[in-house]
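See below for data.csv, which holds CSV, C-alpha atoms.
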```csv
chain,number,residue,atom,x,y,z
S,1,MET,CA,92.7,111.1,175.2
S,2,LEU,CA,93.8,109.7,171.9
S,3,SER,CA,96.0,111.8,169.6
S,4,ASN,CA,96.4,110.9,165.9
S,5,PHE,CA,98.0,112.5,162.9
S,6,GLU,CA,96.1,112.4,159.6
S,7,PHE,CA,95.6,114.1,156.2
S,8,GLN,CA,92.0,115.3,155.7
S,9,ASN,CA,92.3,115.3,151.8
S,10,PRO,CA,95.0,112.7,150.9
S,11,GLU,CA,93.7,112.6,147.3
S,12,PHE,CA,95.8,115.7,146.6
S,13,PHE,CA,98.9,113.6,146.9
S,14,TRP,CA,98.2,112.3,143.4
S,15,LEU,CA,99.5,115.7,142.2
S,16,LEU,CA,102.9,114.7,143.4
S,17,LEU,CA,103.2,112.4,140.4
S,18,ALA,CA,103.5,115.5,138.3
S,19,LEU,CA,106.8,116.5,139.9
S,20,PRO,CA,109.0,113.7,138.5
S,21,ILE,CA,107.4,114.3,135.1
S,22,ALA,CA,108.2,118.0,135.4
S,23,ALA,CA,111.8,117.1,136.4
S,24,LEU,CA,112.2,114.8,133.4
S,25,TRP,CA,110.8,117.5,131.1
S,26,TYR,CA,113.3,120.0,132.5
S,27,PHE,CA,116.2,117.6,132.1
S,28,LEU,CA,115.4,117.0,128.5
S,29,LYS,CA,114.6,120.7,127.6
S,30,ARG,CA,117.2,122.4,129.9
S,31,ASN,CA,119.4,123.5,127.0
S,32,LYS,CA,116.6,125.1,125.1
S,33,LEU,CA,115.3,127.0,128.1
S,34,THR,CA,118.5,129.1,128.4
S,35,ALA,CA,119.4,131.7,125.7
S,36,GLN,CA,122.8,131.0,124.0
S,37,VAL,CA,125.2,133.6,122.6
S,38,LYS,CA,128.1,132.6,120.4
S,39,LEU,CA,131.2,134.7,121.2
S,40,SER,CA,134.7,134.5,119.7
S,41,SER,CA,136.3,135.1,123.1
S,42,LEU,CA,135.3,134.7,126.7
S,43,LYS,CA,137.8,137.2,127.9
S,44,GLY,CA,136.3,139.8,130.2
S,45,PHE,CA,133.8,137.3,131.8
S,46,LYS,CA,134.2,136.2,135.3
S,47,THR,CA,135.7,132.8,135.7
S,48,GLY,CA,132.9,131.6,138.1
S,49,SER,CA,130.2,132.0,135.4
S,50,GLY,CA,130.7,128.4,134.3
S,51,LEU,CA,130.1,127.2,137.8
S,52,LEU,CA,126.9,129.2,138.1
S,53,ALA,CA,125.6,127.8,134.9
S,54,LYS,CA,126.0,124.3,136.3
S,55,LEU,CA,124.2,125.3,139.5
S,56,ARG,CA,121.3,126.9,137.6
S,57,PRO,CA,119.0,123.7,138.0
S,58,VAL,CA,118.9,124.7,141.7
S,59,LEU,CA,116.3,127.2,140.8
S,60,PHE,CA,114.0,124.5,139.3
S,61,ILE,CA,114.6,122.3,142.3
S,62,LEU,CA,113.5,125.1,144.7
S,63,ARG,CA,110.4,125.5,142.6
S,64,LEU,CA,109.6,121.8,142.8
S,65,LEU,CA,110.1,121.8,146.5
S,66,ALA,CA,107.8,124.7,146.9
S,67,LEU,CA,105.2,122.9,144.8
S,68,ALA,CA,105.6,119.7,146.9
S,69,CYS,CA,105.0,121.8,150.1
S,70,LEU,CA,101.9,123.4,148.6
S,71,ILE,CA,100.5,120.0,147.5
S,72,THR,CA,101.1,118.6,151.0
S,73,ALA,CA,99.4,121.6,152.5
S,74,LEU,CA,96.4,121.0,150.2
S,75,ALA,CA,96.2,117.5,151.7
S,76,ARG,CA,95.4,119.2,155.1
S,77,PRO,CA,97.8,117.6,157.6
S,78,ARG,CA,96.5,117.9,161.1
S,79,ASN,CA,96.6,116.4,164.6
S,80,VAL,CA,93.3,115.0,165.9
S,81,ASP,CA,92.8,114.8,169.7
S,82,VAL,CA,89.8,112.7,170.7
S,83,SER,CA,88.6,112.6,174.3
S,84,THR,CA,85.5,110.8,175.7
S,85,ARG,CA,83.4,111.2,178.7
S,86,SER,CA,80.9,108.5,179.8
S,87,LYS,CA,77.7,109.1,181.7
S,88,THR,CA,75.6,106.3,183.2
S,89,THR,CA,72.0,106.9,182.0
S,90,ARG,CA,70.5,103.7,183.4
S,91,GLY,CA,72.1,102.4,186.6
S,92,ILE,CA,71.2,99.1,188.2
S,93,ASP,CA,71.3,98.3,191.9
S,94,ILE,CA,71.9,94.6,192.6
S,95,VAL,CA,71.9,92.5,195.8
S,96,ILE,CA,73.5,89.1,195.8
S,97,ALA,CA,71.8,86.9,198.4
S,98,ILE,CA,74.1,84.0,199.4
S,99,ASP,CA,73.0,80.8,201.2
S,100,VAL,CA,75.7,80.1,203.8
S,101,SER,CA,74.2,77.0,205.4
S,102,ALA,CA,76.4,74.0,206.1
S,103,SER,CA,75.2,72.2,202.9
S,104,MET,CA,76.9,74.9,200.9
S,105,LEU,CA,80.2,73.1,201.7
S,106,ALA,CA,79.1,70.1,199.6
S,107,ARG,CA,81.7,69.1,197.1
S,108,ASP,CA,79.7,68.5,194.0
S,109,LEU,CA,81.1,71.8,192.7
S,110,ARG,CA,84.8,72.5,193.0
S,111,PRO,CA,86.2,72.9,195.6
S,112,ASN,CA,82.7,73.3,197.2
S,113,ARG,CA,79.5,75.1,196.4
S,114,LEU,CA,80.2,78.2,198.4
S,115,ASP,CA,83.8,78.8,197.1
S,116,ALA,CA,82.7,78.1,193.5
S,117,LEU,CA,79.9,80.6,194.0
S,118,LYS,CA,82.3,83.2,195.4
S,119,ASP,CA,84.7,82.9,192.5
S,120,VAL,CA,81.9,83.3,189.9
S,121,ALA,CA,80.2,86.1,191.8
S,122,ALA,CA,83.5,88.0,192.1
S,123,GLU,CA,84.0,88.0,188.3
S,124,PHE,CA,80.4,89.1,187.9
S,125,ILE,CA,81.0,92.1,190.2
S,126,ARG,CA,84.1,93.1,188.3
S,127,GLN,CA,82.1,93.2,185.1
S,128,ARG,CA,79.6,95.7,186.6
S,129,PRO,CA,81.7,98.9,187.0
S,130,ASN,CA,78.7,101.2,186.6
S,131,ASP,CA,76.3,99.5,189.1
S,132,ARG,CA,75.9,99.5,192.9
S,133,ILE,CA,76.1,96.1,194.5
S,134,GLY,CA,75.3,94.8,198.0
S,135,LEU,CA,75.6,91.4,199.7
S,136,VAL,CA,73.2,89.5,201.9
S,137,GLU,CA,74.0,86.3,203.8
S,138,TYR,CA,71.4,83.9,205.1
S,139,ALA,CA,71.0,80.4,206.6
S,140,GLY,CA,68.4,79.9,209.3
S,141,GLU,CA,68.4,83.7,209.6
S,142,SER,CA,69.7,86.5,207.4
S,143,TYR,CA,71.6,89.8,207.7
S,144,THR,CA,73.2,92.4,205.4
S,145,ARG,CA,76.9,91.8,204.9
S,146,THR,CA,77.4,94.8,202.6
S,147,PRO,CA,74.9,97.6,201.8
S,148,ILE,CA,74.6,98.5,198.2
S,149,THR,CA,77.6,100.5,197.1
S,150,SER,CA,79.5,101.6,194.0
S,151,ASP,CA,82.8,100.7,195.7
S,152,LYS,CA,83.7,97.4,194.1
S,153,ALA,CA,86.8,96.9,196.3
S,154,ILE,CA,84.7,96.9,199.4
S,155,VAL,CA,82.2,94.4,197.9
S,156,LEU,CA,84.9,92.1,196.6
S,157,SER,CA,86.7,92.1,200.0
S,158,SER,CA,83.5,91.4,201.8
S,159,LEU,CA,82.6,88.6,199.4
S,160,GLU,CA,86.0,87.0,200.0
S,161,ASP,CA,85.2,86.9,203.7
S,162,VAL,CA,81.9,85.1,203.2
S,163,GLN,CA,82.1,81.6,204.8
S,164,TYR,CA,80.1,79.1,206.7
S,165,ASN,CA,80.0,79.8,210.4
S,166,SER,CA,78.2,78.2,213.3
S,167,ILE,CA,77.1,81.6,214.7
S,168,ILE,CA,74.2,81.9,212.3
S,169,GLU,CA,71.3,79.7,213.1
S,170,GLY,CA,71.2,76.6,211.0
S,171,GLY,CA,68.7,75.9,208.3
S,172,THR,CA,67.7,77.6,205.0
S,173,ALA,CA,65.4,80.6,205.4
S,174,ILE,CA,64.8,81.6,201.8
S,175,GLY,CA,62.0,83.9,202.7
S,176,MET,CA,64.3,85.7,205.2
S,177,GLY,CA,67.1,86.1,202.7
S,178,LEU,CA,64.8,87.5,200.1
S,179,ALA,CA,63.1,89.8,202.5
S,180,THR,CA,66.4,91.2,203.7
S,181,SER,CA,67.5,91.8,200.1
S,182,VAL,CA,64.3,93.6,199.4
S,183,ASN,CA,64.8,95.8,202.4
S,184,ARG,CA,68.2,96.8,201.0
S,185,LEU,CA,66.6,97.8,197.7
S,186,LYS,CA,63.2,99.2,198.6
S,187,ASP,CA,64.4,102.8,198.9
S,188,SER,CA,66.7,102.7,195.9
S,189,LYS,CA,66.3,105.4,193.2
S,190,ALA,CA,67.8,103.2,190.5
S,191,ILE,CA,65.7,102.6,187.4
S,192,SER,CA,66.4,98.8,187.7
S,193,LYS,CA,66.6,96.8,190.9
S,194,VAL,CA,67.7,93.2,190.9
S,195,ILE,CA,68.2,90.4,193.4
S,196,ILE,CA,70.3,87.3,192.6
S,197,LEU,CA,69.2,84.7,195.2
S,198,MET,CA,71.1,81.4,195.5
S,199,THR,CA,70.3,78.4,197.6
S,200,ASP,CA,71.0,74.6,197.6
S,201,GLY,CA,68.1,73.5,199.7
S,202,VAL,CA,64.5,74.1,200.7
S,203,ASN,CA,62.9,76.7,202.9
S,204,ASN,CA,62.9,75.2,206.4
S,205,ALA,CA,63.6,78.1,208.7
S,206,GLY,CA,62.8,81.8,209.4
S,207,PHE,CA,59.6,83.6,210.2
S,208,ILE,CA,59.0,85.2,206.8
S,209,GLU,CA,57.4,83.0,204.2
S,210,PRO,CA,59.0,83.2,200.7
S,211,ALA,CA,55.6,84.0,199.2
S,212,ILE,CA,55.4,87.2,201.3
S,213,ALA,CA,59.0,88.2,200.5
S,214,SER,CA,58.2,87.7,196.8
S,215,GLU,CA,55.1,89.9,197.1
S,216,LEU,CA,57.3,92.6,198.7
S,217,ALA,CA,59.7,92.4,195.8
S,218,GLN,CA,56.9,92.8,193.3
S,219,GLU,CA,55.5,95.8,195.3
S,220,TYR,CA,58.9,97.6,195.1
S,221,GLY,CA,59.5,96.7,191.4
S,222,ILE,CA,62.4,94.4,192.2
S,223,LYS,CA,63.3,91.6,189.7
S,224,VAL,CA,64.6,88.3,191.3
S,225,TYR,CA,66.9,85.8,189.6
S,226,THR,CA,66.9,82.6,191.5
S,227,ILE,CA,69.6,79.9,191.2
S,228,GLY,CA,69.4,76.3,192.5
S,229,LEU,CA,72.9,75.2,193.4
S,230,GLY,CA,73.7,71.5,193.4
S,231,THR,CA,74.1,68.4,191.2
S,232,ASN,CA,71.3,65.9,190.4
S,233,GLY,CA,71.2,62.9,192.7
S,234,THR,CA,73.5,62.8,195.7
S,235,ALA,CA,76.5,64.9,196.7
S,236,LEU,CA,79.3,64.6,199.2
S,237,SER,CA,78.1,66.8,201.9
S,238,PRO,CA,78.7,67.5,205.7
S,239,THR,CA,76.8,65.1,207.9
S,240,ASN,CA,78.4,65.7,211.3
S,241,ILE,CA,81.1,67.7,213.1
S,242,ARG,CA,84.0,66.2,214.9
S,243,SER,CA,85.2,67.3,218.3
S,244,ASP,CA,88.0,69.4,216.6
S,245,GLY,CA,85.4,71.3,214.5
S,246,SER,CA,86.0,69.6,211.2
S,247,PHE,CA,83.2,68.1,209.2
S,248,ILE,CA,82.4,64.4,208.5
S,249,TYR,CA,81.2,64.0,204.9
S,250,GLY,CA,78.8,61.5,203.4
S,251,ARG,CA,76.6,61.0,200.3
S,252,ILE,CA,73.3,63.0,200.8
S,253,PRO,CA,70.5,63.4,198.3
S,254,VAL,CA,70.4,66.9,196.8
S,255,GLU,CA,67.0,68.5,197.5
S,256,ILE,CA,66.3,71.9,196.0
S,257,ASP,CA,62.8,73.4,196.0
S,258,GLU,CA,62.8,74.3,192.3
S,259,GLU,CA,59.1,75.0,192.2
S,260,LEU,CA,59.5,77.7,194.8
S,261,LEU,CA,62.4,79.3,193.1
S,262,LYS,CA,60.7,79.2,189.7
S,263,THR,CA,57.6,80.8,191.3
S,264,ILE,CA,59.6,83.6,192.9
S,265,ALA,CA,61.4,84.3,189.6
S,266,ASP,CA,58.2,84.2,187.5
S,267,GLU,CA,56.2,86.5,189.9
S,268,THR,CA,59.0,89.2,190.0
S,269,GLY,CA,59.9,89.1,186.3
S,270,GLY,CA,63.2,87.2,186.7
S,271,LEU,CA,64.4,83.8,185.7
S,272,TYR,CA,65.2,80.5,187.4
S,273,PHE,CA,68.5,78.7,186.7
S,274,ARG,CA,69.9,75.4,187.9
S,275,ALA,CA,73.7,75.1,188.4
S,276,THR,CA,74.8,71.5,188.5
S,277,ASP,CA,78.5,72.2,188.1
S,278,ASN,CA,81.1,75.0,188.0
S,279,GLU,CA,80.8,75.5,184.2
S,280,LYS,CA,77.0,75.8,184.4
S,281,LEU,CA,77.3,78.3,187.2
S,282,GLU,CA,79.6,80.5,185.1
S,283,GLN,CA,77.2,80.3,182.2
S,284,ILE,CA,74.3,81.4,184.5
S,285,TYR,CA,76.1,84.5,185.7
S,286,ALA,CA,77.2,85.3,182.2
S,287,GLU,CA,73.5,85.1,181.1
S,288,ILE,CA,72.4,87.4,183.9
S,289,ASN,CA,75.2,89.8,183.0
S,290,LYS,CA,73.8,90.0,179.4
S,291,LEU,CA,70.2,90.3,180.5
S,292,GLU,CA,70.9,93.2,182.9
S,293,LYS,CA,72.7,95.8,180.9
S,294,THR,CA,73.6,99.3,182.2
S,295,ASP,CA,73.0,102.0,179.6
S,296,VAL,CA,76.1,104.2,179.3
S,297,GLU,CA,76.0,107.4,177.2
S,298,GLU,CA,79.4,108.3,175.8
S,299,PHE,CA,80.3,111.9,174.7
S,300,LYS,CA,83.1,112.3,172.3
S,301,TYR,CA,85.0,115.5,171.9
S,302,THR,CA,87.3,116.0,168.9
S,303,ASN,CA,89.9,118.8,168.6
S,304,TYR,CA,91.7,119.5,165.3
S,305,GLU,CA,95.1,121.2,165.1
S,306,GLU,CA,95.8,122.2,161.5
S,307,LYS,CA,99.4,121.7,160.3
S,308,TYR,CA,99.2,123.1,156.7
S,309,ARG,CA,100.2,126.7,157.5
S,310,PRO,CA,103.9,126.1,158.1
S,311,LEU,CA,104.0,124.3,154.8
S,312,VAL,CA,102.4,127.2,153.0
S,313,ILE,CA,104.9,129.6,154.6
S,314,LEU,CA,107.8,127.3,153.7
S,315,ALA,CA,106.6,127.1,150.1
S,316,GLY,CA,106.4,130.9,149.9
S,317,LEU,CA,109.9,131.3,151.3
S,318,LEU,CA,111.3,128.8,148.7
S,319,LEU,CA,109.6,130.7,145.9
S,320,LEU,CA,110.9,134.0,147.2
S,321,PHE,CA,114.4,132.5,147.5
S,322,GLU,CA,114.2,131.1,144.0
S,323,LEU,CA,113.1,134.6,142.6
S,324,LEU,CA,115.9,136.3,144.5
S,325,LEU,CA,118.5,133.9,143.1
S,326,ARG,CA,117.0,134.2,139.6
S,327,PHE,CA,117.3,138.0,139.4
S,328,THR,CA,120.6,138.3,141.3
S,329,VAL,CA,123.1,135.5,141.2
S,330,PHE,CA,121.6,133.6,138.2
S,331,ARG,CA,120.5,136.7,136.3
S,332,SER,CA,120.3,135.9,132.6
S,333,PHE,CA,122.2,137.9,130.0
S,334,VAL,CA,120.1,139.8,127.5
```

As structure tokens, what does this structure read like?
Amino acid sequence: MLSNFEFQNPEFFWLLLALPIAALWYFLKRNKLTAQVKLSSLKGFKTGSGLLAKLRPVLFILRLLALACLITALARPRNVDVSTRSKTTRGIDIVIAIDVSASMLARDLRPNRLDALKDVAAEFIRQRPNDRIGLVEYAGESYTRTPITSDKAIVLSSLEDVQYNSIIEGGTAIGMGLATSVNRLKDSKAISKVIILMTDGVNNAGFIEPAIASELAQEYGIKVYTIGLGTNGTALSPTNIRSDGSFIYGRIPVEIDEELLKTIADETGGLYFRATDNEKLEQIYAEINKLEKTDVEEFKYTNYEEKYRPLVILAGLLLLFELLLRFTVFRSFV
């Protein structure tokens, strides 16, 4: 909630310019405003009457202060409290399908393809506060790492733990990864359903063909954005494993089935992107973030607390005090 103080009609403050003019007029005409009586002797008058005469301008000052209060009241001072409430009117369910085959450890992206992807995907997730997101891993087979959820802390924690492991069957089963992602979204009630599928290779494993998985995505109204990950030419990639479990790296040609990825994207209403370096990968996710916008309806409530009443009361009290003094202490002689 935001609280602000404002004047609804500040143009009335121009009237304050009349106050110094009135004060100047009073100063110049003050002697003519008081009746004068010439006496041969002041005997019989109280000695304090001279002091009261000097204090008589207090009456005019009280009147000016009352006018200043009334002018300020006309300007309508008030506190404005604004509160907002947001309602998601068009939510999006997103599944990020991540290739975790050994080739994702290639070092053409920094520090490698998989870690670069995790960093960019994490930022993408943070920028989708109103959407539900799930994670799917695949290599030679696929499985759901995180079902679609609105709890971003769980998704980010799960994404951080994504890594290559030798437990999953080797290879790149694009059809399996896509089919598992479709299975996560097929019962979703969201207006928009999206899969972001990333791979750095060709479909060479699994028992579900990519074409069949793509047809399933179309049937359930799921849009698929595909990303080919890897530089052009060759990349420093794992070629073998030492006895201690560490990888031996060598220069290997980068082979990405771009035609397949383009076909999947075209048939499902998505787009294909090629990420050849870290910067390009960031741009791709930024582009997808712009393309898939969640509609959020914002309701704004404004509460006004008027502050002019105390000023009107104060002005009335000042005028009353001025009249009281005028007809008592400063009563003129007739």

Determine, counting all atoms listed in the file, which protein, DNA and RNA residues have an atom within 12 Å of an atom of Glu169 (chain S); residues of the same chain fewer than 2 positions away are not included. Present the result as a PDB file with C-alpha atoms, in the coordinates of the input.
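As a result, part06.pdb now contains:
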```pdb
ATOM      1  CA  VAL S 100      75.700  80.100 203.800  1.00  0.00           C
ATOM      2  CA  SER S 101      74.200  77.000 205.400  1.00  0.00           C
ATOM      3  CA  ALA S 102      76.400  74.000 206.100  1.00  0.00           C
ATOM      4  CA  GLU S 137      74.000  86.300 203.800  1.00  0.00           C
ATOM      5  CA  TYR S 138      71.400  83.900 205.100  1.00  0.00           C
ATOM      6  CA  ALA S 139      71.000  80.400 206.600  1.00  0.00           C
ATOM      7  CA  GLY S 140      68.400  79.900 209.300  1.00  0.00           C
ATOM      8  CA  GLU S 141      68.400  83.700 209.600  1.00  0.00           C
ATOM      9  CA  SER S 142      69.700  86.500 207.400  1.00  0.00           C
ATOM     10  CA  TYR S 143      71.600  89.800 207.700  1.00  0.00           C
ATOM     11  CA  TYR S 164      80.100  79.100 206.700  1.00  0.00           C
ATOM     12  CA  ASN S 165      80.000  79.800 210.400  1.00  0.00           C
ATOM     13  CA  SER S 166      78.200  78.200 213.300  1.00  0.00           C
ATOM     14  CA  ILE S 167      77.100  81.600 214.700  1.00  0.00           C
ATOM     15  CA  GLY S 171      68.700  75.900 208.300  1.00  0.00           C
ATOM     16  CA  THR S 172      67.700  77.600 205.000  1.00  0.00           C
ATOM     17  CA  ALA S 173      65.400  80.600 205.400  1.00  0.00           C
ATOM     18  CA  ASN S 204      62.900  75.200 206.400  1.00  0.00           C
ATOM     19  CA  ALA S 205      63.600  78.100 208.700  1.00  0.00           C
ATOM     20  CA  GLY S 206      62.800  81.800 209.400  1.00  0.00           C
TER      21      GLY S 206
END
```

Select, counting only C-alpha atoms, all protein, DNA and RNA residues no farther than 10 Å from (100.2, 121.9, 151.4) in file coordinates, and express the selection as number ranges by chain.
S: 12-13, 66-77, 307-315

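Picture a line from CA of Val120 (chain S) to CA of Leu159 (chain S); it runs 10.9 Å.
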
Could you pull the residues within 9 Å of region 244-251 of chain S, counting all atoms listed in the file, minus those fewer than 3 positions along the same chain, as a list in words?
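Those residues are Ala106, Thr234, Ala235, Leu236, Ser237, Pro238, Thr239, Asn240 and Ile241 of chain S.
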
I'd like to know which of S:Phe330, S:Tyr272, S:Phe7, S:Phe27 is closest to Leu260 (chain S), using all atoms listed in the file.
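Selected residue with least distance to Leu260 (chain S): S:Tyr272.
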